[in-house]
>>> print(open('model38.cif').read())   # mmCIF, C-alpha atoms
data_structure
#
loop_
_atom_site.label_atom_id
_atom_site.label_comp_id
_atom_site.auth_asym_id
_atom_site.auth_seq_id
_atom_site.Cartn_x
_atom_site.Cartn_y
_atom_site.Cartn_z
CA MET A 1 91.56 181.47 161.74
CA GLY A 2 92.79 179.01 159.20
CA TYR A 3 92.28 175.39 158.36
CA LEU A 4 91.53 172.47 160.65
CA LEU A 5 92.92 169.26 159.26
CA GLU A 6 91.91 165.80 160.26
CA LYS A 7 94.45 163.69 162.14
CA ASP A 8 97.17 162.23 159.90
CA TYR A 9 96.39 164.63 157.09
CA PHE A 10 98.82 167.28 155.93
CA LEU A 11 99.14 169.87 153.22
CA PRO A 12 102.42 169.82 151.36
CA PRO A 13 104.30 173.13 151.31
CA LEU A 14 104.26 175.15 148.15
CA ASN A 15 107.47 174.53 146.31
CA PHE A 16 108.56 176.76 143.48
CA ASP A 17 111.75 176.42 141.49
CA ALA A 18 113.93 179.49 140.84
CA ASP A 19 112.34 180.23 137.45
CA GLU A 20 108.83 180.01 138.92
CA LEU A 21 109.74 182.45 141.70
CA ASP A 22 111.27 184.79 139.12
CA ALA A 23 108.05 184.63 137.07
CA ILE A 24 105.86 185.33 140.10
CA MET A 25 107.98 188.26 141.27
CA LEU A 26 108.30 189.82 137.83
CA GLY A 27 104.58 189.32 137.15
CA MET A 28 103.59 190.96 140.42
CA ARG A 29 105.96 193.87 139.87
CA LEU A 30 104.88 194.32 136.27
CA ILE A 31 101.18 194.48 137.11
CA GLY A 32 102.03 196.76 140.01
CA ALA A 33 103.82 199.10 137.63
CA ARG A 34 101.16 198.99 134.88
CA GLY A 35 97.93 198.70 136.82
CA ASP A 36 95.84 200.90 139.04
CA ASP A 37 96.39 201.39 142.77
CA MET A 38 94.10 198.47 143.64
CA LEU A 39 96.09 196.11 141.41
CA LEU A 40 99.35 197.35 142.94
CA CYS A 41 98.03 196.57 146.45
CA ALA A 42 96.74 193.17 145.29
CA ALA A 43 100.11 192.34 143.72
CA LYS A 44 101.87 193.18 146.99
CA ARG A 45 99.43 190.97 148.92
CA VAL A 46 99.97 188.06 146.52
CA SER A 47 103.72 188.45 146.77
CA ALA A 48 103.55 188.49 150.59
CA LYS A 49 101.39 185.34 150.58
CA VAL A 50 103.83 183.52 148.31
CA SER A 51 106.70 184.60 150.53
CA SER A 52 104.90 183.38 153.66
CA VAL A 53 104.17 179.86 152.39
CA ILE A 54 107.55 178.94 150.97
CA ASP A 55 110.42 177.81 153.16
CA ALA A 56 112.43 180.47 154.99
CA LYS A 57 115.52 180.22 152.78
CA ALA A 58 113.50 180.52 149.57
CA SER A 59 111.39 183.32 151.10
CA ASN A 60 114.47 185.35 151.91
CA ALA A 61 115.82 184.87 148.38
CA TYR A 62 112.41 185.66 146.87
CA GLN A 63 112.12 188.94 148.76
CA ARG A 64 115.57 190.00 147.57
CA LEU A 65 115.16 189.15 143.88
CA PRO A 66 116.87 191.89 141.89
CA TYR A 67 113.99 192.44 139.49
CA ARG A 68 112.08 195.62 138.88
CA ALA A 69 109.34 196.56 136.48
CA VAL A 70 109.13 200.22 135.60
CA SER A 71 106.37 201.97 133.75
CA ARG A 72 106.80 205.55 132.74
CA ARG A 73 103.94 207.78 133.87
CA THR A 74 102.01 208.96 130.87
CA GLU A 75 98.72 210.73 130.34
CA GLU A 76 97.37 207.50 128.79
CA ASN A 77 98.31 205.50 131.90
CA ASP A 78 96.71 208.04 134.22
CA LYS A 79 93.49 208.17 132.18
CA ALA A 80 93.27 204.37 132.02
CA ALA A 81 93.89 204.05 135.76
CA ASN A 82 90.72 206.09 136.37
CA HIS A 83 88.59 203.27 134.95
CA LEU A 84 90.52 200.02 135.48
CA ALA A 85 89.14 199.05 138.90
CA PHE A 86 85.54 199.56 137.77
CA LEU A 87 86.13 197.74 134.48
CA ARG A 88 87.69 194.77 136.28
CA HIS A 89 84.66 194.67 138.60
CA ALA A 90 82.28 194.80 135.62
CA LEU A 91 84.19 191.96 133.93
CA ARG A 92 83.98 189.75 137.03
CA LYS A 93 80.28 190.48 137.58
CA LYS A 94 79.36 190.45 133.87
CA LEU A 95 77.74 193.87 134.04
CA LYS A 96 76.52 195.67 130.95
CA LEU A 97 78.03 199.12 130.62
CA ASN A 98 77.21 202.44 129.05
CA ILE A 99 80.47 203.85 127.75
CA HIS A 100 81.09 207.36 126.46
CA TYR A 101 84.10 206.96 124.18
CA VAL A 102 86.24 209.00 121.84
CA ASP A 103 87.97 207.14 119.01
CA LEU A 104 91.43 207.84 117.60
CA GLN A 105 89.92 210.29 115.08
CA GLY A 106 88.31 212.29 117.89
CA LYS A 107 84.75 211.11 117.15
CA GLU A 108 82.65 210.64 120.29
CA SER A 109 80.10 207.87 120.72
CA ARG A 110 78.01 206.24 123.40
CA ARG A 111 77.93 202.48 123.46
CA ILE A 112 76.08 199.80 125.37
CA VAL A 113 78.61 197.00 125.80
CA ARG A 114 79.31 193.68 127.41
CA PRO A 115 82.88 193.85 128.76
CA LEU A 116 84.74 190.67 127.80
CA GLY A 117 88.45 191.15 128.49
CA LEU A 118 91.28 193.51 129.30
CA THR A 119 94.63 193.41 127.55
CA VAL A 120 97.65 195.43 128.61
CA PHE A 121 100.21 196.47 126.02
CA ASP A 122 103.38 198.50 126.46
CA ALA A 123 101.60 201.81 126.11
CA VAL A 124 97.87 201.18 126.51
CA TRP A 125 95.14 199.00 128.00
CA LEU A 126 92.45 197.68 125.65
CA LEU A 127 88.96 196.69 126.71
CA THR A 128 87.45 194.07 124.42
CA VAL A 129 83.67 194.30 124.36
CA TRP A 130 80.64 192.95 122.61
CA CYS A 131 79.05 196.17 121.35
CA GLU A 132 75.27 196.00 121.50
CA ASN A 133 75.04 199.01 119.14
CA ARG A 134 77.10 197.34 116.40
CA SER A 135 76.36 193.66 117.21
CA ASP A 136 80.07 192.98 116.94
CA PHE A 137 83.30 192.90 118.89
CA ARG A 138 85.14 196.14 119.51
CA ASN A 139 88.41 197.02 121.20
CA LEU A 140 88.31 200.27 123.12
CA ARG A 141 91.39 202.01 124.42
CA VAL A 142 90.73 202.45 128.13
CA ASP A 143 92.45 205.85 128.13
CA ASN A 144 89.91 207.04 125.52
CA ILE A 145 86.92 206.21 127.70
CA LEU A 146 85.45 209.53 128.75
CA SER A 147 82.97 208.00 131.21
CA VAL A 148 81.59 204.60 132.08
CA GLU A 149 78.62 203.54 134.14
CA GLY A 150 76.98 200.26 134.96
CA LEU A 151 73.46 199.69 133.68
CA GLY A 152 72.47 197.44 136.57
CA GLN A 153 72.02 194.56 134.13
CA HIS A 154 74.01 191.34 134.12
CA PHE A 155 74.64 189.38 130.96
CA ARG A 156 75.20 185.70 130.38
CA PRO A 157 77.98 184.46 128.16
CA GLU A 158 76.53 183.58 124.76
CA SER A 159 78.20 181.57 122.07
CA GLY A 160 79.69 183.95 119.51
CA LYS A 161 79.81 186.84 122.00
CA ARG A 162 82.54 185.69 124.42
CA PHE A 163 86.17 186.72 124.77
CA GLU A 164 87.19 183.27 123.50
CA ASP A 165 85.09 183.87 120.39
CA TYR A 166 86.80 187.20 119.82
CA LEU A 167 90.23 185.56 120.16
CA LYS A 168 89.25 183.03 117.49
CA THR A 169 88.49 185.90 115.09
CA ILE A 170 91.97 187.36 115.46
CA GLU A 171 93.64 183.93 115.19
CA THR A 172 91.77 183.47 111.89
CA HIS A 173 93.04 186.85 110.63
CA ASP A 174 96.62 186.03 111.65
CA SER A 175 96.68 182.76 109.69
#
>>> encode(input="model38.cif", output="structure tokens")
Amino acid sequence: MGYLLEKDYFLPPLNFDADELDAIMLGMRLIGARGDDMLLCAAKRVSAKVSSVIDAKASNAYQRLPYRAVSRRTEENDKAANHLAFLRHALRKKLKLNIHYVDLQGKESRRIVRPLGLTVFDAVWLLTVWCENRSDFRNLRVDNILSVEGLGQHFRPESGKRFEDYLKTIETHDS
């Protein structure tokens, strides 16, 4: 299995400079430390693929890079990890969700949302959504999601309801 190239055609090898290899390794290790088990496995696969397509000398150096990313196990991390794989799937497939959520004041709510983006911070993951109940953007701490289920409905990106639109609202507030 692989590629069949026409005669006299070649693919150039992937060449990364030292800083690019550092960035790839640290990125893969960071997401491995902060993500769920599926992300950890994916990060290891990406790292192995990078290692296999660079020249032998660079591959050996890449595999021995002295970088580590450590994330302390917390209750928030464990709770978030329960939902991350499903949320990433819903983001890719643009699936509407029914989320049972508890806010920072302890108030529970059920929301019909369009998942738009995930952001990882030092301590928490945030899910940015378009909330159908409020007709507005909301950021939900993933560790505060009590349950989440797909509604079997896909949504199409609509102007004013996309992650890019949300980012414009926070850029406006920062100015």
>>> resolve_selection(input="model38.cif", expression="the PyMOL selection byres ((chain A and resi 91-97) around 12)", output="PyMOL selection string")
chain A and resi 84-90+98-101+110-118+127-133+145+147-158+162-163
>>> write_last_selection(input="model38.cif", atoms="C-alpha atoms", output="CSV table (one decimal), keeping the file's coordinate frame")
chain,number,residue,atom,x,y,z
A,84,LEU,CA,90.5,200.0,135.5
A,85,ALA,CA,89.1,199.0,138.9
A,86,PHE,CA,85.5,199.6,137.8
A,87,LEU,CA,86.1,197.7,134.5
A,88,ARG,CA,87.7,194.8,136.3
A,89,HIS,CA,84.7,194.7,138.6
A,90,ALA,CA,82.3,194.8,135.6
A,98,ASN,CA,77.2,202.4,129.0
A,99,ILE,CA,80.5,203.8,127.8
A,100,HIS,CA,81.1,207.4,126.5
A,101,TYR,CA,84.1,207.0,124.2
A,110,ARG,CA,78.0,206.2,123.4
A,111,ARG,CA,77.9,202.5,123.5
A,112,ILE,CA,76.1,199.8,125.4
A,113,VAL,CA,78.6,197.0,125.8
A,114,ARG,CA,79.3,193.7,127.4
A,115,PRO,CA,82.9,193.8,128.8
A,116,LEU,CA,84.7,190.7,127.8
A,117,GLY,CA,88.4,191.2,128.5
A,118,LEU,CA,91.3,193.5,129.3
A,127,LEU,CA,89.0,196.7,126.7
A,128,THR,CA,87.4,194.1,124.4
A,129,VAL,CA,83.7,194.3,124.4
A,130,TRP,CA,80.6,193.0,122.6
A,131,CYS,CA,79.0,196.2,121.4
A,132,GLU,CA,75.3,196.0,121.5
A,133,ASN,CA,75.0,199.0,119.1
A,145,ILE,CA,86.9,206.2,127.7
A,147,SER,CA,83.0,208.0,131.2
A,148,VAL,CA,81.6,204.6,132.1
A,149,GLU,CA,78.6,203.5,134.1
A,150,GLY,CA,77.0,200.3,135.0
A,151,LEU,CA,73.5,199.7,133.7
A,152,GLY,CA,72.5,197.4,136.6
A,153,GLN,CA,72.0,194.6,134.1
A,154,HIS,CA,74.0,191.3,134.1
A,155,PHE,CA,74.6,189.4,131.0
A,156,ARG,CA,75.2,185.7,130.4
A,157,PRO,CA,78.0,184.5,128.2
A,158,GLU,CA,76.5,183.6,124.8
A,162,ARG,CA,82.5,185.7,124.4
A,163,PHE,CA,86.2,186.7,124.8
>>> axis_aligned_box(input="model38.cif", around="region 157-172 of chain A", padding_each_side="3 Å", output="AutoDock Vina command-line options")
--center_x 85.1 --center_y 184.5 --center_z 120.0 --size_x 23.1 --size_y 11.8 --size_z 22.3
>>> closest_residue(input="model38.cif", among="A:Ala123, A:Leu21, A:Leu146, A:Ala42", to="Lys107 (chain A)", atoms="all atoms listed in the file")
A:Leu146
>>> residues_around(input="model38.cif", residues="Val50 (chain A)", least_positions_apart="4", cutoff="12 Å", atoms="all atoms listed in the file", output="list of chain:residue names")
A:Pro13, A:Leu14, A:Asn15, A:Phe16, A:Glu20, A:Leu21, A:Asp22, A:Ile24, A:Met25, A:Met28, A:Ala43, A:Lys44, A:Arg45, A:Val46, A:Ile54, A:Asp55, A:Ala56, A:Ala58, A:Ser59, A:Asn60, A:Tyr62, A:Gln63
>>> resolve_selection(input="model38.cif", expression="the PyMOL selection byres ((chain A and resi 74) around 12)", output="MDAnalysis selection string")
chainID A and resid 34 71:73 75:81 122:124 143
>>> atom_distance(input="model38.cif", atom1="CA of Leu40 (chain A)", atom2="CA of Val120 (chain A)")
14.6 Å
